[in-house]
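Have a look at final.cif; it's mmCIF, C-alpha atoms:
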```cif
data_protein
loop_
_atom_site.label_atom_id
_atom_site.label_comp_id
_atom_site.auth_asym_id
_atom_site.auth_seq_id
_atom_site.Cartn_x
_atom_site.Cartn_y
_atom_site.Cartn_z
CA MET C 263 37.40 -37.40 -36.55
CA PRO C 264 36.64 -36.59 -32.87
CA PHE C 265 39.17 -38.10 -30.47
CA ALA C 266 36.29 -39.63 -28.51
CA VAL C 267 35.61 -42.00 -31.44
CA TYR C 268 39.18 -43.30 -31.14
CA ALA C 269 38.58 -43.76 -27.40
CA LEU C 270 35.51 -45.87 -28.13
CA ALA C 271 37.49 -47.88 -30.71
CA LEU C 272 40.11 -48.59 -28.02
CA ALA C 273 37.35 -49.77 -25.68
CA ALA C 274 35.94 -51.96 -28.47
CA PHE C 275 39.42 -53.46 -28.93
CA ALA C 276 39.64 -54.31 -25.22
CA ILE C 277 36.17 -55.85 -25.16
CA GLY C 278 36.77 -57.77 -28.38
CA THR C 279 40.03 -59.15 -27.02
CA ALA C 280 38.23 -60.35 -23.88
CA GLU C 281 35.74 -62.26 -26.03
CA PHE C 282 38.30 -63.90 -28.33
CA ILE C 283 41.11 -64.54 -25.87
CA ILE C 284 39.64 -67.60 -24.19
CA SER C 285 40.00 -69.64 -27.40
CA GLY C 286 43.74 -68.99 -27.39
CA ILE C 287 44.30 -70.07 -23.78
CA LEU C 288 41.96 -73.07 -23.44
CA PRO C 289 44.69 -75.70 -22.79
CA PRO C 290 46.40 -73.90 -19.85
CA VAL C 291 43.04 -72.82 -18.37
CA ALA C 292 41.73 -76.38 -18.50
CA ALA C 293 44.94 -77.81 -17.02
CA ASP C 294 45.15 -75.24 -14.22
CA LEU C 295 41.50 -75.51 -13.17
CA GLY C 296 41.33 -79.27 -13.51
CA VAL C 297 38.63 -79.47 -16.20
CA SER C 298 38.54 -80.94 -19.69
CA ILE C 299 39.17 -78.89 -22.82
CA SER C 300 35.52 -79.35 -23.80
CA THR C 301 34.33 -78.03 -20.43
CA ALA C 302 36.68 -75.05 -20.69
CA GLY C 303 35.24 -74.41 -24.15
CA LEU C 304 31.85 -73.76 -22.57
CA LEU C 305 33.33 -70.48 -21.31
CA VAL C 306 32.95 -69.32 -24.92
CA SER C 307 29.29 -70.40 -25.01
CA ALA C 308 28.51 -68.72 -21.69
CA TYR C 309 30.06 -65.46 -22.82
CA ALA C 310 28.13 -65.47 -26.09
CA VAL C 311 24.85 -66.21 -24.31
CA GLY C 312 25.49 -63.28 -21.98
CA VAL C 313 26.07 -60.95 -24.93
CA ALA C 314 23.06 -62.27 -26.85
CA ILE C 315 20.55 -62.09 -24.00
CA GLY C 316 21.86 -59.84 -21.23
CA GLY C 317 23.22 -57.16 -23.53
CA PRO C 318 19.95 -56.23 -25.32
CA LEU C 319 17.92 -56.38 -22.09
CA LEU C 320 20.26 -54.06 -20.20
CA THR C 321 20.53 -51.80 -23.24
CA ILE C 322 16.76 -51.24 -23.06
CA ILE C 323 16.92 -50.69 -19.28
CA THR C 324 19.79 -48.17 -19.48
CA ALA C 325 18.43 -46.28 -22.49
CA ARG C 326 17.03 -43.49 -20.27
CA PHE C 327 20.42 -42.77 -18.68
CA SER C 328 23.23 -40.64 -20.10
CA GLN C 329 25.08 -42.83 -22.57
CA ARG C 330 28.38 -41.36 -21.36
CA THR C 331 27.58 -42.54 -17.83
CA VAL C 332 26.56 -45.94 -19.14
CA LEU C 333 29.80 -46.32 -21.10
CA ILE C 334 31.96 -45.39 -18.12
CA GLY C 335 30.04 -47.77 -15.87
CA VAL C 336 30.31 -50.53 -18.46
CA MET C 337 34.09 -50.14 -18.84
CA VAL C 338 34.62 -50.12 -15.07
CA THR C 339 32.47 -53.26 -14.75
CA PHE C 340 34.33 -54.85 -17.65
CA SER C 341 37.74 -54.15 -16.09
CA VAL C 342 36.65 -55.54 -12.72
CA ALA C 343 35.34 -58.65 -14.48
CA GLN C 344 38.75 -59.22 -16.13
CA VAL C 345 40.49 -58.98 -12.75
CA LEU C 346 38.00 -61.49 -11.34
CA CYS C 347 38.76 -63.79 -14.29
CA ALA C 348 42.48 -63.53 -13.53
CA LEU C 349 41.97 -64.28 -9.83
CA ALA C 350 39.32 -66.99 -10.19
CA PRO C 351 40.37 -69.98 -8.06
CA ASP C 352 38.06 -72.44 -9.83
CA TYR C 353 36.06 -72.98 -12.99
CA GLY C 354 32.73 -71.87 -11.51
CA LEU C 355 33.96 -68.44 -10.47
CA LEU C 356 35.71 -67.98 -13.81
CA LEU C 357 32.41 -68.75 -15.54
CA VAL C 358 30.58 -66.15 -13.42
CA ALA C 359 33.26 -63.54 -14.12
CA ARG C 360 33.02 -64.24 -17.86
CA LEU C 361 29.24 -63.78 -17.72
CA LEU C 362 29.68 -60.41 -15.99
CA SER C 363 32.12 -59.38 -18.70
CA SER C 364 29.77 -60.53 -21.47
CA ILE C 365 26.86 -58.42 -20.20
CA ALA C 366 29.13 -55.38 -20.18
CA HIS C 367 30.11 -56.27 -23.74
CA GLY C 368 26.51 -56.27 -24.95
CA VAL C 369 25.61 -52.97 -23.31
CA PHE C 370 28.79 -51.30 -24.58
CA PHE C 371 28.06 -51.71 -28.27
CA GLY C 372 24.49 -50.52 -27.89
CA ALA C 373 25.49 -47.37 -26.01
CA GLY C 374 28.64 -46.87 -28.07
CA SER C 375 26.74 -46.89 -31.36
CA VAL C 376 24.39 -44.18 -30.06
CA VAL C 377 27.30 -42.00 -28.92
CA VAL C 378 29.23 -42.39 -32.18
CA ALA C 379 26.15 -41.28 -34.10
CA GLN C 380 25.96 -38.17 -31.89
CA LEU C 381 29.64 -37.26 -32.19
CA VAL C 382 29.80 -36.81 -35.97
CA PRO C 383 27.56 -35.31 -38.66
CA LEU C 384 25.46 -37.64 -40.78
CA GLU C 385 27.83 -37.56 -43.76
CA ARG C 386 30.72 -38.83 -41.61
CA ARG C 387 28.92 -41.53 -39.67
CA GLY C 388 29.95 -44.32 -42.04
CA LYS C 389 33.65 -43.71 -41.39
CA ALA C 390 33.05 -43.20 -37.67
CA PHE C 391 31.17 -46.49 -37.33
CA SER C 392 33.85 -48.24 -39.39
CA LEU C 393 36.51 -46.99 -36.97
CA PHE C 394 34.42 -47.90 -33.93
CA VAL C 395 33.64 -51.45 -35.05
CA GLY C 396 37.19 -51.76 -36.35
CA GLY C 397 38.27 -52.18 -32.72
CA ILE C 398 36.73 -55.67 -32.80
CA THR C 399 38.56 -56.49 -36.03
CA ILE C 400 41.90 -55.41 -34.58
CA ALA C 401 41.13 -57.49 -31.48
CA ASN C 402 40.90 -60.57 -33.67
CA LEU C 403 44.04 -59.53 -35.56
CA LEU C 404 46.25 -58.54 -32.61
CA GLY C 405 44.41 -59.09 -29.32
CA LEU C 406 43.94 -62.86 -29.65
CA PRO C 407 47.53 -63.73 -30.68
CA ALA C 408 49.01 -61.20 -28.23
CA GLY C 409 46.92 -62.56 -25.36
CA THR C 410 47.93 -66.10 -26.29
CA ALA C 411 51.60 -65.10 -26.38
CA ILE C 412 51.29 -63.49 -22.93
CA ALA C 413 49.75 -66.71 -21.62
CA VAL C 414 52.65 -68.75 -23.03
CA GLU C 415 55.27 -66.52 -21.39
CA PHE C 416 53.61 -65.48 -18.13
CA GLY C 417 50.57 -67.71 -17.61
CA TRP C 418 46.92 -67.39 -18.64
CA ARG C 419 45.95 -65.23 -15.66
CA MET C 420 48.31 -62.49 -16.82
CA SER C 421 46.40 -62.36 -20.12
CA PHE C 422 43.27 -61.29 -18.24
CA PHE C 423 45.23 -58.74 -16.21
CA ALA C 424 46.50 -57.27 -19.51
CA VAL C 425 42.94 -56.97 -20.86
CA ALA C 426 41.84 -55.37 -17.56
CA ALA C 427 44.60 -52.77 -17.97
CA LEU C 428 43.32 -52.00 -21.48
CA GLY C 429 39.82 -51.57 -20.05
CA VAL C 430 41.04 -49.13 -17.39
CA ILE C 431 42.93 -47.07 -19.99
CA ALA C 432 39.84 -46.99 -22.22
CA ALA C 433 37.64 -45.95 -19.28
CA LEU C 434 40.01 -43.09 -18.38
CA VAL C 435 40.14 -41.84 -21.96
CA ILE C 436 36.32 -41.93 -22.17
CA ILE C 437 36.05 -40.02 -18.87
CA PHE C 438 38.37 -37.23 -20.01
CA ARG C 439 37.65 -37.04 -23.73
CA LEU C 440 33.99 -37.95 -24.22
CA PRO C 441 31.78 -34.83 -24.07
CA ARG C 442 29.42 -34.66 -21.10
CA THR C 443 26.47 -33.48 -23.12
CA GLN C 444 25.15 -35.05 -26.26
CA LYS C 445 21.85 -34.60 -27.94
CA HIS C 446 19.54 -37.56 -27.54
CA GLU C 447 18.01 -39.00 -30.66
CA ASN C 448 14.74 -40.82 -30.18
CA SER C 449 12.93 -42.92 -32.72
CA ASN C 450 9.28 -42.10 -33.27
CA ALA C 451 8.53 -45.78 -33.78
CA THR C 452 7.17 -47.74 -30.83
CA LEU C 453 8.87 -50.98 -29.78
CA GLY C 454 6.00 -52.96 -31.32
CA GLN C 455 6.36 -51.11 -34.62
CA GLN C 456 10.09 -51.78 -34.61
CA PHE C 457 9.58 -55.51 -34.06
CA ARG C 458 7.04 -55.59 -36.88
CA ALA C 459 9.70 -54.16 -39.17
CA LEU C 460 11.75 -57.29 -38.54
CA ARG C 461 9.12 -59.66 -39.94
CA HIS C 462 10.48 -59.37 -43.49
CA GLN C 463 12.07 -62.61 -44.65
CA GLN C 464 15.22 -60.73 -45.70
CA VAL C 465 15.72 -59.85 -42.03
CA TRP C 466 14.99 -63.09 -40.19
CA LEU C 467 16.50 -65.39 -42.81
CA SER C 468 19.65 -63.27 -42.67
CA TYR C 469 19.75 -63.67 -38.88
CA ILE C 470 19.41 -67.43 -39.35
CA THR C 471 22.19 -67.44 -41.96
CA ILE C 472 24.52 -65.57 -39.60
CA ALA C 473 23.85 -67.98 -36.72
CA ILE C 474 24.34 -71.09 -38.87
CA ALA C 475 27.57 -69.81 -40.44
CA MET C 476 29.00 -68.87 -37.03
CA LEU C 477 27.99 -72.22 -35.51
CA GLY C 478 30.32 -74.17 -37.78
CA THR C 479 33.13 -71.66 -37.65
CA MET C 480 33.14 -71.52 -33.84
CA CYS C 481 32.80 -75.28 -33.46
CA TYR C 482 36.28 -75.40 -35.01
CA ALA C 483 37.70 -72.04 -33.90
CA THR C 484 36.96 -72.53 -30.19
CA TYR C 485 39.17 -75.61 -30.15
CA SER C 486 41.64 -74.53 -32.84
CA VAL C 487 44.55 -74.16 -30.41
CA PRO C 488 44.30 -77.74 -29.07
CA LEU C 489 43.98 -78.87 -32.70
CA LEU C 490 47.12 -76.99 -33.71
CA LEU C 491 49.00 -78.43 -30.73
CA GLN C 492 47.84 -82.02 -30.88
CA VAL C 493 47.04 -82.63 -34.56
CA THR C 494 49.31 -80.24 -36.47
CA GLY C 495 52.05 -80.73 -33.89
CA LEU C 496 52.97 -77.11 -33.25
CA THR C 497 54.82 -75.96 -30.15
CA PRO C 498 52.95 -73.46 -27.90
CA ASP C 499 55.25 -70.56 -28.83
CA ILE C 500 54.39 -70.91 -32.55
CA VAL C 501 50.59 -70.99 -32.10
CA PRO C 502 50.20 -67.17 -31.74
CA LEU C 503 51.73 -66.74 -35.22
CA TYR C 504 49.04 -68.98 -36.69
CA LEU C 505 46.37 -67.00 -34.85
CA LEU C 506 47.90 -63.82 -36.26
CA LEU C 507 47.67 -65.31 -39.76
CA GLY C 508 43.98 -65.98 -39.19
CA GLY C 509 43.54 -62.42 -37.93
CA VAL C 510 45.19 -60.97 -41.04
CA GLY C 511 42.88 -63.12 -43.15
CA SER C 512 39.84 -61.83 -41.26
CA VAL C 513 40.79 -58.20 -41.96
CA ILE C 514 41.13 -59.00 -45.67
CA GLY C 515 37.82 -60.86 -45.52
CA ILE C 516 35.99 -57.89 -44.03
CA TRP C 517 37.42 -55.65 -46.77
CA LEU C 518 36.37 -58.12 -49.47
CA GLY C 519 32.91 -58.36 -47.92
CA ARG C 520 32.56 -54.58 -48.01
CA GLU C 521 33.57 -54.51 -51.69
CA ALA C 522 31.20 -57.37 -52.51
CA THR C 523 28.33 -55.51 -50.85
CA ASP C 524 28.80 -52.63 -53.30
CA TRP C 525 29.07 -55.06 -56.24
CA LYS C 526 26.62 -57.97 -56.24
CA PRO C 527 25.89 -58.70 -52.58
CA MET C 528 23.75 -61.83 -52.77
CA PRO C 529 25.74 -63.76 -55.43
CA ALA C 530 28.94 -62.79 -53.61
CA LEU C 531 27.49 -63.81 -50.23
CA ILE C 532 26.41 -67.24 -51.47
CA ALA C 533 29.79 -67.78 -53.15
CA VAL C 534 31.65 -66.81 -49.96
CA LEU C 535 29.62 -69.24 -47.83
CA MET C 536 30.22 -72.08 -50.29
CA LEU C 537 33.94 -71.29 -50.47
CA GLN C 538 33.98 -71.29 -46.66
CA SER C 539 32.81 -74.90 -46.79
CA VAL C 540 35.44 -75.75 -49.38
CA VAL C 541 38.24 -74.28 -47.26
CA TYR C 542 37.20 -76.20 -44.15
CA PHE C 543 36.96 -79.37 -46.24
CA ILE C 544 40.52 -78.79 -47.44
CA MET C 545 41.60 -78.20 -43.83
CA ILE C 546 40.68 -81.79 -42.98
CA PHE C 547 43.59 -82.85 -45.19
CA THR C 548 46.06 -80.00 -44.55
CA MET C 549 45.94 -79.89 -40.75
CA HIS C 550 48.67 -82.53 -40.48
CA ASP C 551 51.25 -80.34 -42.24
CA GLU C 552 52.53 -77.13 -40.62
CA VAL C 553 52.97 -75.11 -43.84
CA ALA C 554 49.75 -76.28 -45.51
CA MET C 555 47.83 -75.62 -42.30
CA ALA C 556 49.25 -72.09 -42.07
CA VAL C 557 47.93 -71.32 -45.55
CA THR C 558 44.55 -72.87 -44.73
CA VAL C 559 44.21 -70.92 -41.48
CA PHE C 560 44.91 -67.69 -43.39
CA VAL C 561 42.34 -68.46 -46.11
CA SER C 562 39.73 -69.65 -43.59
CA GLY C 563 40.11 -66.27 -41.86
CA ILE C 564 39.21 -64.54 -45.12
CA PHE C 565 36.05 -66.51 -45.85
CA GLY C 566 35.13 -66.76 -42.18
CA PHE C 567 34.54 -62.99 -42.02
CA ALA C 568 33.71 -61.93 -45.59
CA PHE C 569 30.06 -62.97 -45.24
CA SER C 570 29.24 -60.57 -42.40
CA THR C 571 29.10 -57.21 -44.21
CA PRO C 572 26.69 -58.27 -47.01
CA LEU C 573 24.33 -59.81 -44.46
CA GLN C 574 24.44 -56.85 -42.09
CA SER C 575 23.80 -54.45 -44.96
CA ARG C 576 20.87 -56.59 -46.13
CA ILE C 577 19.32 -56.60 -42.66
CA VAL C 578 19.64 -52.87 -42.08
CA HIS C 579 18.22 -52.09 -45.54
CA ALA C 580 15.25 -54.46 -45.18
CA ALA C 581 14.50 -53.22 -41.62
CA ARG C 582 15.11 -49.53 -42.35
CA GLU C 583 12.05 -48.60 -40.24
CA ALA C 584 13.85 -50.00 -37.17
CA PRO C 585 17.59 -49.78 -37.90
CA ASN C 586 18.72 -49.59 -34.26
CA LEU C 587 16.82 -52.68 -33.13
CA ALA C 588 17.80 -54.56 -36.29
CA SER C 589 21.47 -53.71 -35.75
CA ALA C 590 21.36 -54.75 -32.09
CA LEU C 591 19.90 -58.11 -33.01
CA ILE C 592 22.72 -58.71 -35.50
CA SER C 593 25.04 -59.07 -32.51
CA THR C 594 22.53 -61.44 -30.93
CA ALA C 595 22.48 -63.60 -34.08
CA PHE C 596 26.28 -63.75 -34.16
CA ASN C 597 26.49 -64.71 -30.50
CA ILE C 598 23.78 -67.35 -30.74
CA GLY C 599 25.92 -68.98 -33.42
CA ILE C 600 29.07 -68.59 -31.32
CA ALA C 601 27.41 -70.12 -28.24
CA ALA C 602 25.90 -72.99 -30.19
CA GLY C 603 29.16 -73.71 -32.01
CA ALA C 604 31.29 -73.87 -28.86
CA PHE C 605 28.63 -75.98 -27.12
CA LEU C 606 28.31 -78.38 -30.05
CA GLY C 607 32.09 -78.74 -30.17
CA ALA C 608 32.14 -79.61 -26.46
CA LEU C 609 29.40 -82.22 -26.95
CA LEU C 610 31.25 -83.81 -29.87
CA LEU C 611 34.56 -83.94 -27.99
CA ASP C 612 32.88 -85.49 -24.95
CA ALA C 613 31.29 -88.06 -27.27
CA GLY C 614 34.73 -89.13 -28.49
CA VAL C 615 35.01 -87.08 -31.68
CA SER C 616 38.58 -85.91 -32.31
CA TYR C 617 39.75 -82.32 -32.82
CA ALA C 618 40.58 -83.26 -36.41
CA ASP C 619 36.90 -83.87 -37.17
CA LEU C 620 35.59 -80.50 -35.98
CA PRO C 621 36.20 -78.62 -39.29
CA GLY C 622 33.69 -81.06 -40.80
CA VAL C 623 30.94 -79.26 -38.88
CA ALA C 624 31.99 -76.00 -40.57
CA VAL C 625 31.77 -77.71 -43.96
CA VAL C 626 28.14 -78.63 -43.34
CA SER C 627 27.16 -75.32 -41.73
CA GLY C 628 28.64 -73.30 -44.60
CA LEU C 629 26.55 -75.25 -47.12
CA VAL C 630 23.39 -74.90 -45.02
CA ALA C 631 24.02 -71.16 -44.59
CA ALA C 632 24.49 -70.83 -48.36
CA GLY C 633 21.15 -72.62 -48.73
CA THR C 634 19.29 -70.23 -46.42
CA ALA C 635 20.86 -67.23 -48.17
CA SER C 636 19.83 -68.67 -51.55
CA LEU C 637 16.28 -69.21 -50.28
CA SER C 638 16.09 -65.61 -49.08
CA TRP C 639 17.35 -64.30 -52.43
CA TRP C 640 14.89 -66.51 -54.35
CA LEU C 641 11.98 -65.29 -52.23
CA GLU C 642 13.07 -61.70 -52.78
CA ARG C 643 13.19 -62.11 -56.57
CA LEU C 644 9.87 -63.97 -56.53
CA SER C 645 8.25 -61.11 -54.60
CA GLU C 646 9.67 -58.57 -57.05
CA ALA C 647 8.37 -60.59 -60.00
CA LEU C 648 4.89 -60.79 -58.49
CA VAL C 649 4.84 -57.02 -57.95
CA LEU C 650 5.84 -56.40 -61.58
CA ALA C 651 3.21 -58.85 -62.81
CA ALA C 652 0.44 -57.26 -60.75
#
```

Write-out of the structure in structure tokens:
Amino acid sequence: MPFAVYALALAAFAIGTAEFIISGILPPVAADLGVSISTAGLLVSAYAVGVAIGGPLLTIITARFSQRTVLIGVMVTFSVAQVLCALAPDYGLLLVARLLSSIAHGVFFGAGSVVVAQLVPLERRGKAFSLFVGGITIANLLGLPAGTAIAVEFGWRMSFFAVAALGVIAALVIIFRLPRTQKHENSNATLGQQFRALRHQQVWLSYITIAIAMLGTMCYATYSVPLLLQVTGLTPDIVPLYLLLGGVGSVIGIWLGREATDWKPMPALIAVLMLQSVVYFIMIFTMHDEVAMAVTVFVSGIFGFAFSTPLQSRIVHAAREAPNLASALISTAFNIGIAAGAFLGALLLDAGVSYADLPGVAVVSGLVAAGTASLSWWLERLSEALVLAA
């Protein structure tokens, strides 16, 4: 595997850590900047909106430039944004710095995917993409708990400085190890033709399913640290271990999702979404006990990520005439759900709902997502039956 792919995976780890880290440091950020936990949680929504909207737009604008140049520029911008986050004297400037970081995030994965495809032959692209995207998985496994632990020991601003250092290292590795010349692959399909390829119900219903599933998960996950502190009764130094448990569960969930995709993707997907609801329902009762909550956090990590691979595979297969655009919009669907979930959680908390009630939103969203996935599968089988009958 070319070393440049590992460099891009490192950059993906840094960027993924920047996205996840705010959930782990909400209480000290809110206390230091003089805002409520719910207001601090909107930093998650703002970031996701930046990825969902700014990323695709700038990806289109920068498509004519060398992707190597784009990646270097993105990582420099990202690192500067982390330093601005660390130095932000008030909530408003922290919000602006997070938005700058989020736009860099969105552009990075568009340009990075193109470069990875150019670095390896077709028969090795699956492994290369797995390694590249794996940087995000490792960020959830190690970056979030490590960043939270740094905040506990040295303050939340040092967490952003640490992420900035990762970004600088990744930028330097890309500068020295990413080849200067790559062939440029263009699609023969026009933008209009690519958008028409997305009209299939398997595509847009899958986007909807992703957004709904993420809405419930992030309504809880954004405020999971205050929940663990105030409801479960953990001390701040123990919280990173619980986040690590959730990260381990997410890695297992991604593996299970990949296996399910090769087995029976739609039945497995619907089962995973329903089990996700069951786990969050159980959490309502286990969150008051440290051991039971640890087990629930681990299991919720599994089912919180296992649904992604079957849905992504379904989208790319159904929109095979426009795989690049379809893949880019997968990130948009995820981040719409993330933004909506964090925003809904903030609204509920401001309305007087307790942290202990937030997993209830994930119960409902998991069932609704299972319903949309079931509808898509039923429509698919109905269409196949009509073709056979014709």

Once the PyMOL selection byres ((chain C and resi 302-307) around 9) is applied to the coordinates I shared, what remains selected? I want it as a ChimeraX atom specification. /C:281-282,284-285,288-289,291-292,295,297-301,308-312,353,356-357,360-361,484-485,597-598,600-605,607-608

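With CA of Gly397 (chain C) on one side and CA of Leu507 (chain C) on the other, the separation reads 17.6 Å.
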
Correct to one decimal, the distance CA of Leu349 (chain C)-CA of Arg419 (chain C) is 7.1 Å

note - CA of Leu460 (chain C) and CA of Thr479 (chain C) are separated by 25.8 Å

The PyMOL selection byres ((chain C and resi 620) around 12) applied to the shown file, residues as an MDAnalysis selection string
chainID C and resid 477:486 488:489 493 542:543 545:546 549 603:604 606:611 614:619 621:627

Would you write out, as a PDB file with C-alpha atoms, in the coordinates of the input, every residue that the PyMOL selection byres ((chain C and resi 325-340) around 9) captures in this file?
```
ATOM      1  CA  ALA C 273      37.350 -49.770 -25.680  1.00  0.00           C
ATOM      2  CA  ILE C 277      36.170 -55.850 -25.160  1.00  0.00           C
ATOM      3  CA  LEU C 320      20.260 -54.060 -20.200  1.00  0.00           C
ATOM      4  CA  THR C 321      20.530 -51.800 -23.240  1.00  0.00           C
ATOM      5  CA  ILE C 322      16.760 -51.240 -23.060  1.00  0.00           C
ATOM      6  CA  ILE C 323      16.920 -50.690 -19.280  1.00  0.00           C
ATOM      7  CA  THR C 324      19.790 -48.170 -19.480  1.00  0.00           C
ATOM      8  CA  SER C 341      37.740 -54.150 -16.090  1.00  0.00           C
ATOM      9  CA  VAL C 342      36.650 -55.540 -12.720  1.00  0.00           C
ATOM     10  CA  ALA C 343      35.340 -58.650 -14.480  1.00  0.00           C
ATOM     11  CA  GLN C 344      38.750 -59.220 -16.130  1.00  0.00           C
ATOM     12  CA  VAL C 345      40.490 -58.980 -12.750  1.00  0.00           C
ATOM     13  CA  LEU C 362      29.680 -60.410 -15.990  1.00  0.00           C
ATOM     14  CA  SER C 363      32.120 -59.380 -18.700  1.00  0.00           C
ATOM     15  CA  SER C 364      29.770 -60.530 -21.470  1.00  0.00           C
ATOM     16  CA  ILE C 365      26.860 -58.420 -20.200  1.00  0.00           C
ATOM     17  CA  ALA C 366      29.130 -55.380 -20.180  1.00  0.00           C
ATOM     18  CA  HIS C 367      30.110 -56.270 -23.740  1.00  0.00           C
ATOM     19  CA  VAL C 369      25.610 -52.970 -23.310  1.00  0.00           C
ATOM     20  CA  PHE C 370      28.790 -51.300 -24.580  1.00  0.00           C
ATOM     21  CA  ALA C 373      25.490 -47.370 -26.010  1.00  0.00           C
ATOM     22  CA  GLY C 374      28.640 -46.870 -28.070  1.00  0.00           C
ATOM     23  CA  VAL C 376      24.390 -44.180 -30.060  1.00  0.00           C
ATOM     24  CA  VAL C 377      27.300 -42.000 -28.920  1.00  0.00           C
ATOM     25  CA  ALA C 426      41.840 -55.370 -17.560  1.00  0.00           C
ATOM     26  CA  GLY C 429      39.820 -51.570 -20.050  1.00  0.00           C
ATOM     27  CA  VAL C 430      41.040 -49.130 -17.390  1.00  0.00           C
ATOM     28  CA  ALA C 432      39.840 -46.990 -22.220  1.00  0.00           C
ATOM     29  CA  ALA C 433      37.640 -45.950 -19.280  1.00  0.00           C
ATOM     30  CA  LEU C 434      40.010 -43.090 -18.380  1.00  0.00           C
ATOM     31  CA  ILE C 436      36.320 -41.930 -22.170  1.00  0.00           C
ATOM     32  CA  ILE C 437      36.050 -40.020 -18.870  1.00  0.00           C
ATOM     33  CA  LEU C 440      33.990 -37.950 -24.220  1.00  0.00           C
ATOM     34  CA  PRO C 441      31.780 -34.830 -24.070  1.00  0.00           C
ATOM     35  CA  ARG C 442      29.420 -34.660 -21.100  1.00  0.00           C
ATOM     36  CA  THR C 443      26.470 -33.480 -23.120  1.00  0.00           C
ATOM     37  CA  GLN C 444      25.150 -35.050 -26.260  1.00  0.00           C
ATOM     38  CA  HIS C 446      19.540 -37.560 -27.540  1.00  0.00           C
TER      39      HIS C 446
END
```

### Message
Show me, as a PyMOL selection string, the residues that have an atom within 12 Å of Leu490 (chain C) when counting only C-alpha atoms, minus same-chain residues fewer than 6 positions from it.
### Response
chain C and resi 286+289+482-484+496-505+545+548-553+555-556+559+617-618

Is there a way to get, as number ranges by chain, all residues within 12 Å of the point (25.5, -69.7, -44.0) in file coordinates, counting all atoms listed in the file?
-> C: 467-479, 528, 531-539, 565-570, 572-573, 596, 599, 624-638

ask   = Quick one: of C:Arg439, C:Ile287, C:Ile516, C:Glu642, who's nearest to Phe265 (chain C), counting all atoms listed in the file?
value =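 Looking only at the distances to Phe265 (chain C), the closest residue turns out to be C:Arg439.
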
| Contacts of region 402-405 of chain C within 6 Å, all atoms listed in the file, excl. fewer than 6 positions in-chain, as a VMD selection string | chain C and resid 279 506 509 to 510

In terms of only C-alpha atoms, the residue from C:Ile400, C:Val540, C:Ala595, C:Ala588 at minimal distance from Ile514 (chain C) is C:Ile400
